[in-house]
>>> print(open('target.txt').read())   # compact mmCIF, C-alpha atoms
# COMPACT_ATOMS: atom_id res chain seq x y z
CA MET O 20 0.00 0.00 0.00
CA SER O 21 2.82 2.37 0.83
CA ALA O 22 4.47 1.81 -2.56
CA ASN O 23 1.15 2.37 -4.34
CA ASN O 24 0.53 5.58 -2.42
CA THR O 25 4.02 6.77 -3.30
CA ASN O 26 3.41 6.07 -6.99
CA ILE O 27 0.08 7.87 -6.88
CA ASP O 28 1.64 10.87 -5.16
CA ARG O 29 4.40 10.93 -7.76
CA LEU O 30 1.86 10.78 -10.60
CA ASP O 31 -0.19 13.55 -9.02
CA ARG O 32 2.92 15.66 -8.57
CA ASN O 33 4.07 15.07 -12.15
CA GLY O 34 0.57 15.78 -13.42
CA SER O 35 0.45 19.06 -11.48
CA VAL O 36 3.85 20.11 -12.81
CA PHE O 37 2.74 19.32 -16.38
CA TYR O 38 -0.55 21.16 -15.90
CA TYR O 39 1.07 24.31 -14.53
CA ALA O 40 3.80 24.22 -17.18
CA LEU O 41 1.23 23.89 -19.98
CA THR O 42 -1.01 26.58 -18.48
CA GLY O 43 1.96 28.90 -18.04
CA ALA O 44 3.09 28.36 -21.63
CA ILE O 45 -0.40 29.11 -22.97
CA LEU O 46 -0.69 32.26 -20.85
CA ILE O 47 2.74 33.46 -21.99
CA LEU O 48 1.75 32.86 -25.63
CA LEU O 49 -1.54 34.75 -25.18
CA ALA O 50 0.25 37.61 -23.42
CA PHE O 51 2.75 37.81 -26.29
CA ILE O 52 -0.08 37.88 -28.85
CA VAL O 53 -1.71 40.78 -26.99
CA ILE O 54 1.38 42.75 -25.97
CA TYR O 55 3.57 42.48 -29.05
CA PRO O 56 1.29 44.50 -31.42
CA LEU O 57 1.24 47.31 -28.85
CA TYR O 58 5.01 47.10 -28.44
CA PHE O 59 5.49 47.12 -32.20
CA ILE O 60 3.38 50.26 -32.58
CA ILE O 61 5.52 52.02 -29.96
CA ILE O 62 8.86 51.08 -31.52
CA ALA O 63 7.58 51.75 -35.05
CA SER O 64 6.39 55.22 -34.05
CA ILE O 65 9.90 56.24 -32.91
CA SER O 66 11.84 54.41 -35.65
CA ASP O 67 13.02 55.66 -39.01
CA PRO O 68 10.17 55.13 -41.53
CA ASP O 69 12.55 53.52 -44.03
CA ALA O 70 13.47 50.87 -41.46
CA VAL O 71 9.78 50.21 -40.75
CA LEU O 72 8.94 49.93 -44.46
CA ALA O 73 11.92 47.62 -45.00
CA GLY O 74 10.70 45.30 -42.24
CA ARG O 75 13.80 45.74 -40.08
CA VAL O 76 11.85 46.90 -37.03
CA TYR O 77 10.38 44.01 -35.09
CA LEU O 78 12.24 43.69 -31.76
CA TYR O 79 13.70 47.11 -31.06
CA PRO O 80 13.55 50.61 -32.62
CA GLU O 81 16.03 51.53 -35.31
CA LYS O 82 17.40 55.03 -35.88
CA ILE O 83 15.22 56.56 -33.20
CA THR O 84 13.44 59.72 -34.29
CA LEU O 85 10.60 61.80 -32.87
CA SER O 86 9.88 63.61 -36.11
CA GLY O 87 6.49 61.92 -36.43
CA PHE O 88 5.37 63.23 -33.06
CA SER O 89 6.69 66.65 -33.98
CA LYS O 90 4.67 66.67 -37.21
CA ILE O 91 1.47 65.60 -35.46
CA LEU O 92 1.73 67.82 -32.39
CA ASN O 93 2.60 70.89 -34.43
CA VAL O 94 -0.78 70.72 -36.16
CA SER O 95 -3.12 73.10 -34.34
CA SER O 96 -6.21 71.04 -35.17
CA VAL O 97 -4.79 68.14 -33.16
CA TRP O 98 -4.80 70.21 -29.97
CA LYS O 99 -8.30 71.46 -30.76
CA GLY O 100 -9.34 67.84 -31.31
CA TYR O 101 -7.80 66.92 -27.95
CA LEU O 102 -9.79 69.65 -26.22
CA ASN O 103 -13.02 68.65 -27.96
CA THR O 104 -12.53 64.99 -27.08
CA ILE O 105 -11.81 65.82 -23.44
CA ILE O 106 -14.99 67.90 -23.28
CA TYR O 107 -17.07 65.19 -24.95
CA THR O 108 -15.60 62.48 -22.74
CA VAL O 109 -16.01 64.36 -19.44
CA LEU O 110 -19.60 65.37 -20.18
CA THR O 111 -20.47 61.87 -21.40
CA VAL O 112 -19.02 60.21 -18.30
CA ILE O 113 -20.81 62.58 -15.91
CA ILE O 114 -24.21 62.28 -17.60
CA SER O 115 -23.81 58.54 -18.22
CA LEU O 116 -22.99 57.83 -14.58
CA LEU O 117 -26.01 59.83 -13.44
CA VAL O 118 -28.27 57.88 -15.79
CA THR O 119 -26.71 54.42 -15.46
CA ILE O 120 -26.24 54.34 -11.68
CA THR O 121 -29.71 55.69 -10.89
CA ALA O 122 -31.43 53.48 -13.48
CA GLY O 123 -29.42 50.43 -12.39
CA TRP O 124 -30.37 50.99 -8.77
CA SER O 125 -34.05 51.41 -9.69
CA LEU O 126 -34.13 48.23 -11.79
CA SER O 127 -32.44 46.28 -8.99
CA ARG O 128 -35.39 46.97 -6.66
CA LYS O 129 -37.97 44.20 -6.70
CA ASN O 130 -40.79 46.58 -5.77
CA LEU O 131 -40.24 48.95 -8.71
CA PRO O 132 -43.59 49.46 -10.51
CA PHE O 133 -43.63 48.03 -14.07
CA ARG O 134 -40.15 46.58 -13.50
CA LYS O 135 -40.59 43.79 -16.08
CA PHE O 136 -41.84 46.26 -18.66
CA PHE O 137 -38.75 48.45 -18.21
CA MET O 138 -36.48 45.39 -18.44
CA VAL O 139 -38.02 44.39 -21.77
CA TYR O 140 -37.93 48.01 -22.92
CA PHE O 141 -34.18 48.16 -22.34
CA ILE O 142 -33.44 44.68 -23.70
CA ILE O 143 -35.04 45.19 -27.12
CA PRO O 144 -32.56 47.89 -28.33
CA MET O 145 -29.71 45.52 -27.48
CA PHE O 146 -30.77 43.29 -30.36
CA PHE O 147 -32.68 45.56 -32.73
CA GLY O 148 -31.78 48.97 -34.13
CA GLY O 149 -33.60 51.33 -36.44
CA GLY O 150 -30.63 51.81 -38.77
CA LEU O 151 -28.50 54.77 -39.74
CA ILE O 152 -31.09 56.72 -41.77
CA PRO O 153 -33.78 56.77 -39.03
CA PHE O 154 -31.03 57.58 -36.53
CA TYR O 155 -29.95 60.57 -38.62
CA ASN O 156 -33.57 61.69 -39.08
CA VAL O 157 -34.16 61.61 -35.32
CA MET O 158 -31.03 63.65 -34.64
CA SER O 159 -31.98 66.09 -37.38
CA GLY O 160 -35.53 66.39 -36.06
CA LEU O 161 -34.13 67.24 -32.62
CA HIS O 162 -31.88 69.91 -34.23
CA LEU O 163 -28.75 68.24 -32.87
CA ILE O 164 -26.85 68.04 -36.15
CA ASN O 165 -23.51 69.86 -35.97
CA THR O 166 -23.70 70.31 -32.18
CA ILE O 167 -21.73 68.69 -29.38
CA TRP O 168 -24.92 66.96 -28.18
CA ALA O 169 -24.97 64.88 -31.34
CA ILE O 170 -21.82 63.25 -29.95
CA ILE O 171 -22.78 63.11 -26.28
CA ILE O 172 -26.46 62.10 -26.18
CA PRO O 173 -26.17 58.85 -28.24
CA ALA O 174 -23.37 57.71 -25.90
CA VAL O 175 -25.14 58.48 -22.64
CA LEU O 176 -26.53 55.00 -21.95
CA SER O 177 -25.22 51.53 -22.74
CA VAL O 178 -27.82 48.87 -21.94
CA TRP O 179 -25.08 46.33 -21.25
CA ASN O 180 -23.51 48.67 -18.69
CA LEU O 181 -26.94 49.29 -17.19
CA PHE O 182 -27.50 45.56 -16.62
CA MET O 183 -24.02 45.15 -15.14
CA THR O 184 -24.82 47.97 -12.71
CA LYS O 185 -28.19 46.46 -11.86
CA THR O 186 -26.61 43.08 -11.10
CA PHE O 187 -23.93 44.73 -8.98
CA PHE O 188 -26.58 46.36 -6.80
CA GLU O 189 -28.56 43.14 -6.52
CA SER O 190 -25.55 41.12 -5.40
CA SER O 191 -23.65 43.72 -3.34
CA ILE O 192 -26.22 45.82 -1.48
CA PRO O 193 -28.00 43.65 1.11
CA ASN O 194 -31.68 44.32 1.61
CA SER O 195 -31.14 44.26 5.37
CA LEU O 196 -29.01 47.40 5.05
CA ILE O 197 -31.78 49.19 3.16
CA GLU O 198 -34.37 48.06 5.71
CA ALA O 199 -32.16 49.33 8.54
CA ALA O 200 -31.93 52.72 6.83
CA LYS O 201 -35.72 52.86 6.54
CA ILE O 202 -36.12 52.03 10.22
CA ASP O 203 -33.74 54.89 11.04
CA GLY O 204 -35.99 57.22 9.07
CA ALA O 205 -33.95 57.59 5.87
CA GLY O 206 -35.96 58.20 2.72
CA HIS O 207 -35.22 56.82 -0.76
CA PHE O 208 -32.93 59.66 -1.83
CA ARG O 209 -30.98 59.75 1.43
CA THR O 210 -30.55 55.97 1.38
CA PHE O 211 -29.29 56.12 -2.18
CA LEU O 212 -26.88 59.01 -1.64
CA VAL O 213 -25.56 58.15 1.83
CA ILE O 214 -25.52 54.35 1.79
CA VAL O 215 -25.70 53.03 -1.78
CA ILE O 216 -23.31 55.41 -3.57
CA PRO O 217 -20.36 54.91 -1.17
CA LEU O 218 -20.73 51.13 -1.52
CA ALA O 219 -20.93 51.40 -5.31
CA LYS O 220 -17.44 52.87 -5.87
CA PRO O 221 -16.16 49.75 -7.74
CA ILE O 222 -18.97 49.71 -10.31
CA ILE O 223 -18.90 53.52 -10.64
CA ALA O 224 -15.18 53.39 -11.45
CA VAL O 225 -15.70 50.60 -13.99
CA MET O 226 -18.61 52.38 -15.67
CA ALA O 227 -16.62 55.63 -15.79
CA LEU O 228 -13.75 53.80 -17.50
CA TYR O 229 -16.06 52.05 -19.98
CA TYR O 230 -17.89 55.22 -20.97
CA ALA O 231 -14.66 57.24 -21.13
CA ILE O 232 -12.93 54.73 -23.41
CA GLY O 233 -16.01 54.37 -25.59
CA GLN O 234 -16.35 58.11 -26.10
CA TRP O 235 -12.62 58.73 -26.44
CA ASN O 236 -12.30 56.18 -29.26
CA SER O 237 -15.55 57.16 -30.98
CA TYR O 238 -15.45 58.84 -34.36
CA PHE O 239 -18.41 57.46 -36.35
CA ASN O 240 -21.09 59.74 -34.90
CA ALA O 241 -18.79 62.73 -35.37
CA MET O 242 -18.20 61.73 -38.97
CA ILE O 243 -21.96 61.50 -39.60
CA PHE O 244 -23.32 64.44 -37.58
CA LEU O 245 -20.56 67.08 -37.62
CA GLN O 246 -19.69 69.34 -40.51
CA ASN O 247 -17.90 72.03 -38.51
CA GLU O 248 -14.22 71.05 -38.28
CA LYS O 249 -13.86 73.08 -35.09
CA LEU O 250 -16.08 70.49 -33.36
CA TYR O 251 -14.14 67.44 -34.61
CA PRO O 252 -12.92 65.06 -31.89
CA LEU O 253 -9.32 63.90 -31.85
CA GLN O 254 -10.00 60.59 -33.60
CA LEU O 255 -11.63 62.32 -36.56
CA VAL O 256 -8.84 64.92 -36.74
CA LEU O 257 -6.19 62.19 -36.86
CA LYS O 258 -8.21 60.32 -39.45
CA GLU O 259 -8.36 63.42 -41.64
CA ILE O 260 -4.61 63.98 -41.28
CA LEU O 261 -3.85 60.37 -42.23
CA LEU O 262 -6.20 60.45 -45.22
CA ALA O 263 -4.68 63.75 -46.35
CA ALA O 264 -1.17 62.26 -46.13
CA GLU O 265 -2.23 59.24 -48.18
CA SER O 266 -4.33 61.11 -50.75
CA THR O 267 -1.68 63.68 -51.68
CA MET O 268 0.63 61.08 -53.15
CA GLY O 269 1.75 62.08 -56.61
CA GLY O 270 4.59 63.50 -58.62
CA SER O 271 7.96 61.83 -59.08
CA GLY O 272 8.88 58.48 -57.63
CA GLU O 273 11.01 60.13 -54.96
CA THR O 274 8.15 62.40 -53.93
CA ILE O 275 5.71 59.49 -53.73
CA LEU O 276 8.15 57.53 -51.56
CA GLU O 277 8.58 60.48 -49.21
CA GLN O 278 4.82 60.89 -48.89
CA TYR O 279 4.42 57.18 -48.25
CA ARG O 280 7.09 57.34 -45.53
CA LEU O 281 5.22 60.25 -43.94
CA ALA O 282 1.88 58.41 -44.06
CA THR O 283 3.44 55.32 -42.48
CA GLN O 284 5.00 57.36 -39.70
CA ILE O 285 1.81 59.28 -39.01
CA LYS O 286 -0.18 56.04 -38.85
CA TYR O 287 1.81 54.67 -35.91
CA VAL O 288 2.22 58.02 -34.17
CA SER O 289 -1.55 58.62 -34.35
CA VAL O 290 -2.22 55.43 -32.40
CA ILE O 291 0.13 56.53 -29.62
CA VAL O 292 -1.19 60.09 -29.49
CA SER O 293 -4.82 58.94 -29.30
CA SER O 294 -4.29 56.05 -26.85
CA LEU O 295 -1.86 57.53 -24.33
CA PRO O 296 -4.43 59.50 -22.24
CA VAL O 297 -6.63 56.41 -21.83
CA LEU O 298 -3.63 54.29 -20.82
CA MET O 299 -2.73 56.91 -18.24
CA LEU O 300 -6.28 56.85 -16.85
CA TYR O 301 -6.44 53.12 -16.20
CA PRO O 302 -4.07 52.93 -13.18
CA PHE O 303 -6.33 55.28 -11.23
CA VAL O 304 -9.30 52.89 -11.48
CA GLN O 305 -7.40 49.60 -11.55
CA LYS O 306 -8.01 48.82 -7.87
CA TYR O 307 -11.77 48.97 -8.46
CA PHE O 308 -11.78 47.34 -11.87
CA GLU O 309 -11.59 43.63 -10.96
CA GLN O 310 -14.05 43.92 -8.09
CA GLY O 311 -16.57 45.84 -10.18
CA ILE O 312 -16.29 43.46 -13.12
CA MET O 313 -16.61 40.28 -11.09
CA ILE O 314 -19.46 41.43 -8.88
CA GLY O 315 -21.24 43.23 -11.70
CA SER O 316 -21.02 40.33 -14.15
CA LEU O 317 -24.37 39.10 -15.41
CA LYS O 318 -25.57 36.05 -13.52
CA GLU O 319 -28.75 34.55 -12.28
>>> encode(input="target.txt", output="structure tokens")
Amino acid sequence: MSANNTNIDRLDRNGSVFYYALTGAILILLAFIVIYPLYFIIIASISDPDAVLAGRVYLYPEKITLSGFSKILNVSSVWKGYLNTIIYTVLTVIISLLVTITAGWSLSRKNLPFRKFFMVYFIIPMFFGGGLIPFYNVMSGLHLINTIWAIIIPAVLSVWNLFMTKTFFESSIPNSLIEAAKIDGAGHFRTFLVIVIPLAKPIIAVMALYYAIGQWNSYFNAMIFLQNEKLYPLQLVLKEILLAAESTMGGSGETILEQYRLATQIKYVSVIVSSLPVLMLYPFVQKYFEQGIMIGSLKE
């Protein structure tokens, strides 16, 4: 029996070592697949365009140059786009949190009148949309075309985020705590502001990050609803710069090559310029992110 137990223990130990080794190898491979494209964009943005076009840049930058950043940041419209995007993002996050947190809390209450009706009402747009033309007609009918509200209002509420918030409240705010507040004489608003909001910091941080990233990266609504270039967000400004660099190609072979080098450089630099603020934001909400995601995940 002792020999058999020793063999079993050895097999279990070997099996565990193999399992962890295989799992570790898969995780390393997945991390490489995710991280390397980001790393390549960084080294390509500070490398000589000729080296990038020749395929010599893949592990480290070659002939480091910041000329691409200089070209982008010296364009006044880029800074105007930055300011517009910051305004759109801040307003969207503030309004979205007000709508999503309050609506999520309301839907999480079992005694909400017509609760099932509201649930169905919110679920239907998740699967069915009216299409671009009706969307444009609605925005035009509301006189929102070529205004900042054409960018902000459509991004105010994500139904998926609303349901995540609702589930967070259902699983994280005990009913006994709400009942205790009622016994102490607290009304609905006081209970929500004094008790619920402080306990909802994780999901608030996650929702703020989701809405901020969504609005920061958005360009489609701006492309459809804005004609005034002074209202363009950063993403649309960078898109226009890149298209202009690519569309002006012409002339001699040397000129075409120079323009192609410029377009290639601008392409990688644009990704860095547009993504850096969001990457800088994440560490401030990281401590809440995992908790908010796990507790707010949809489950029955």
>>> residues_around(input="target.txt", residues="Leu253 (chain O)", least_positions_apart="6", cutoff="10 Å", atoms="all atoms listed in the file", output="ChimeraX atom specification")
/O:96-105,235-238,259,289,292-293
>>> residues_near_point(input="target.txt", point="(-35.0, 47.9, -6.1)", cutoff="12 Å", atoms="all atoms listed in the file", output="JSON, numbers by chain")
{"O": [121, 122, 123, 124, 125, 126, 127, 128, 129, 130, 131, 132, 133, 134, 185, 186, 187, 188, 189, 190, 192, 193, 194, 197, 198, 207, 210, 211, 215]}
>>> closest_residue(input="target.txt", among="O:Leu300, O:Ile285, O:Ala174, O:Phe239", to="Ile91 (chain O)", atoms="all atoms listed in the file")
O:Ile285
>>> atom_distance(input="target.txt", atom1="CA of Asn165 (chain O)", atom2="CA of Leu245 (chain O)")
4.4 Å
>>> closest_atom_pairs(input="target.txt", of="region 204-295 of chain O", to="region 56-71 of chain O", cutoff="6 Å", atoms="all atoms listed in the file", output="Markdown table")
| residue | atom | partner | partner_atom | distance |
| --- | --- | --- | --- | --- |
| O:Arg280 | CA | O:Pro68 | CA | 5.5 |
| O:Gln284 | CA | O:Pro68 | CA | 5.9 |
| O:Tyr287 | CA | O:Ser64 | CA | 5.0 |
| O:Val288 | CA | O:Ser64 | CA | 5.0 |
>>> closest_residue(input="target.txt", among="O:Ile120, O:Val109, O:Ala200, O:Leu261", to="Pro221 (chain O)", atoms="only C-alpha atoms")
O:Ile120
>>> atom_distance(input="target.txt", atom1="CA of Thr111 (chain O)", atom2="CA of Phe136 (chain O)")
26.6 Å
>>> residues_near_point(input="target.txt", point="(-36.2, 47.8, -21.8)", cutoff="12 Å", atoms="only C-alpha atoms", output="JSON, numbers by chain")
{"O": [122, 123, 126, 133, 134, 135, 136, 137, 138, 139, 140, 141, 142, 143, 144, 145, 146, 147, 177, 178, 179, 181, 182]}
>>> closest_residue(input="target.txt", among="O:Thr166, O:Asn240, O:Thr42, O:Gln254", to="Leu151 (chain O)", atoms="all atoms listed in the file")
O:Asn240
>>> atom_distance(input="target.txt", atom1="CA of Leu228 (chain O)", atom2="CA of Asn180 (chain O)")
11.1 Å
>>> build_atoms(input="target.txt", residues="region 286-297 of chain O", atoms="all heavy atoms", output="short mmCIF file (atom, residue, chain, number, x, y, z; two decimals), in the frame of the given file")
data_model
loop_
_atom_site.label_atom_id
_atom_site.label_comp_id
_atom_site.auth_asym_id
_atom_site.auth_seq_id
_atom_site.Cartn_x
_atom_site.Cartn_y
_atom_site.Cartn_z
N LYS O 286 0.74 57.11 -39.23
CA LYS O 286 -0.18 56.04 -38.85
C LYS O 286 0.14 55.51 -37.46
O LYS O 286 -0.75 55.35 -36.61
CB LYS O 286 -0.11 54.91 -39.88
CG LYS O 286 -0.97 53.71 -39.55
CD LYS O 286 -0.96 52.73 -40.70
CE LYS O 286 0.44 52.21 -40.99
NZ LYS O 286 0.44 51.20 -42.07
N TYR O 287 1.42 55.22 -37.21
CA TYR O 287 1.81 54.67 -35.91
C TYR O 287 1.78 55.73 -34.82
O TYR O 287 1.37 55.46 -33.68
CB TYR O 287 3.20 54.04 -36.00
CG TYR O 287 3.24 52.82 -36.89
CD1 TYR O 287 3.95 52.82 -38.08
CD2 TYR O 287 2.55 51.67 -36.54
CE1 TYR O 287 3.99 51.70 -38.90
CE2 TYR O 287 2.57 50.55 -37.35
CZ TYR O 287 3.29 50.56 -38.53
OH TYR O 287 3.31 49.46 -39.33
N VAL O 288 2.22 56.94 -35.15
CA VAL O 288 2.22 58.02 -34.17
C VAL O 288 0.79 58.35 -33.74
O VAL O 288 0.54 58.62 -32.55
CB VAL O 288 2.92 59.26 -34.74
CG1 VAL O 288 2.72 60.46 -33.81
CG2 VAL O 288 4.40 59.00 -34.94
N SER O 289 -0.16 58.30 -34.66
CA SER O 289 -1.55 58.62 -34.35
C SER O 289 -2.11 57.67 -33.30
O SER O 289 -2.88 58.09 -32.42
CB SER O 289 -2.41 58.56 -35.61
OG SER O 289 -1.99 59.52 -36.56
N VAL O 290 -1.74 56.40 -33.38
CA VAL O 290 -2.22 55.43 -32.40
C VAL O 290 -1.72 55.79 -31.01
O VAL O 290 -2.47 55.75 -30.02
CB VAL O 290 -1.77 54.01 -32.79
CG1 VAL O 290 -2.18 53.00 -31.71
CG2 VAL O 290 -2.36 53.61 -34.13
N ILE O 291 -0.44 56.17 -30.91
CA ILE O 291 0.13 56.53 -29.62
C ILE O 291 -0.51 57.80 -29.08
O ILE O 291 -0.92 57.87 -27.91
CB ILE O 291 1.66 56.73 -29.73
CG1 ILE O 291 2.32 55.46 -30.28
CG2 ILE O 291 2.25 57.12 -28.39
CD1 ILE O 291 2.17 54.27 -29.40
N VAL O 292 -0.64 58.80 -29.93
CA VAL O 292 -1.19 60.09 -29.49
C VAL O 292 -2.63 59.93 -29.00
O VAL O 292 -3.03 60.54 -27.99
CB VAL O 292 -1.14 61.11 -30.65
CG1 VAL O 292 -1.94 62.37 -30.32
CG2 VAL O 292 0.31 61.48 -30.94
N SER O 293 -3.41 59.09 -29.66
CA SER O 293 -4.82 58.94 -29.30
C SER O 293 -5.02 57.99 -28.12
O SER O 293 -6.02 58.11 -27.40
CB SER O 293 -5.62 58.43 -30.50
OG SER O 293 -5.16 57.16 -30.91
N SER O 294 -4.11 57.06 -27.90
CA SER O 294 -4.29 56.05 -26.85
C SER O 294 -3.64 56.41 -25.53
O SER O 294 -4.05 55.90 -24.49
CB SER O 294 -3.71 54.70 -27.33
OG SER O 294 -4.31 54.28 -28.53
N LEU O 295 -2.63 57.25 -25.54
CA LEU O 295 -1.86 57.53 -24.33
C LEU O 295 -2.71 58.06 -23.17
O LEU O 295 -2.56 57.58 -22.04
CB LEU O 295 -0.74 58.52 -24.66
CG LEU O 295 0.28 58.77 -23.54
CD1 LEU O 295 0.96 57.47 -23.14
CD2 LEU O 295 1.31 59.79 -23.98
N PRO O 296 -3.63 59.01 -23.38
CA PRO O 296 -4.43 59.50 -22.24
C PRO O 296 -5.26 58.40 -21.59
O PRO O 296 -5.40 58.38 -20.36
CB PRO O 296 -5.32 60.57 -22.88
CG PRO O 296 -4.56 61.03 -24.08
CD PRO O 296 -3.89 59.80 -24.60
N VAL O 297 -5.83 57.49 -22.39
CA VAL O 297 -6.63 56.41 -21.83
C VAL O 297 -5.75 55.45 -21.03
O VAL O 297 -6.13 54.98 -19.96
CB VAL O 297 -7.37 55.67 -22.95
CG1 VAL O 297 -8.11 54.46 -22.39
CG2 VAL O 297 -8.34 56.60 -23.65
#
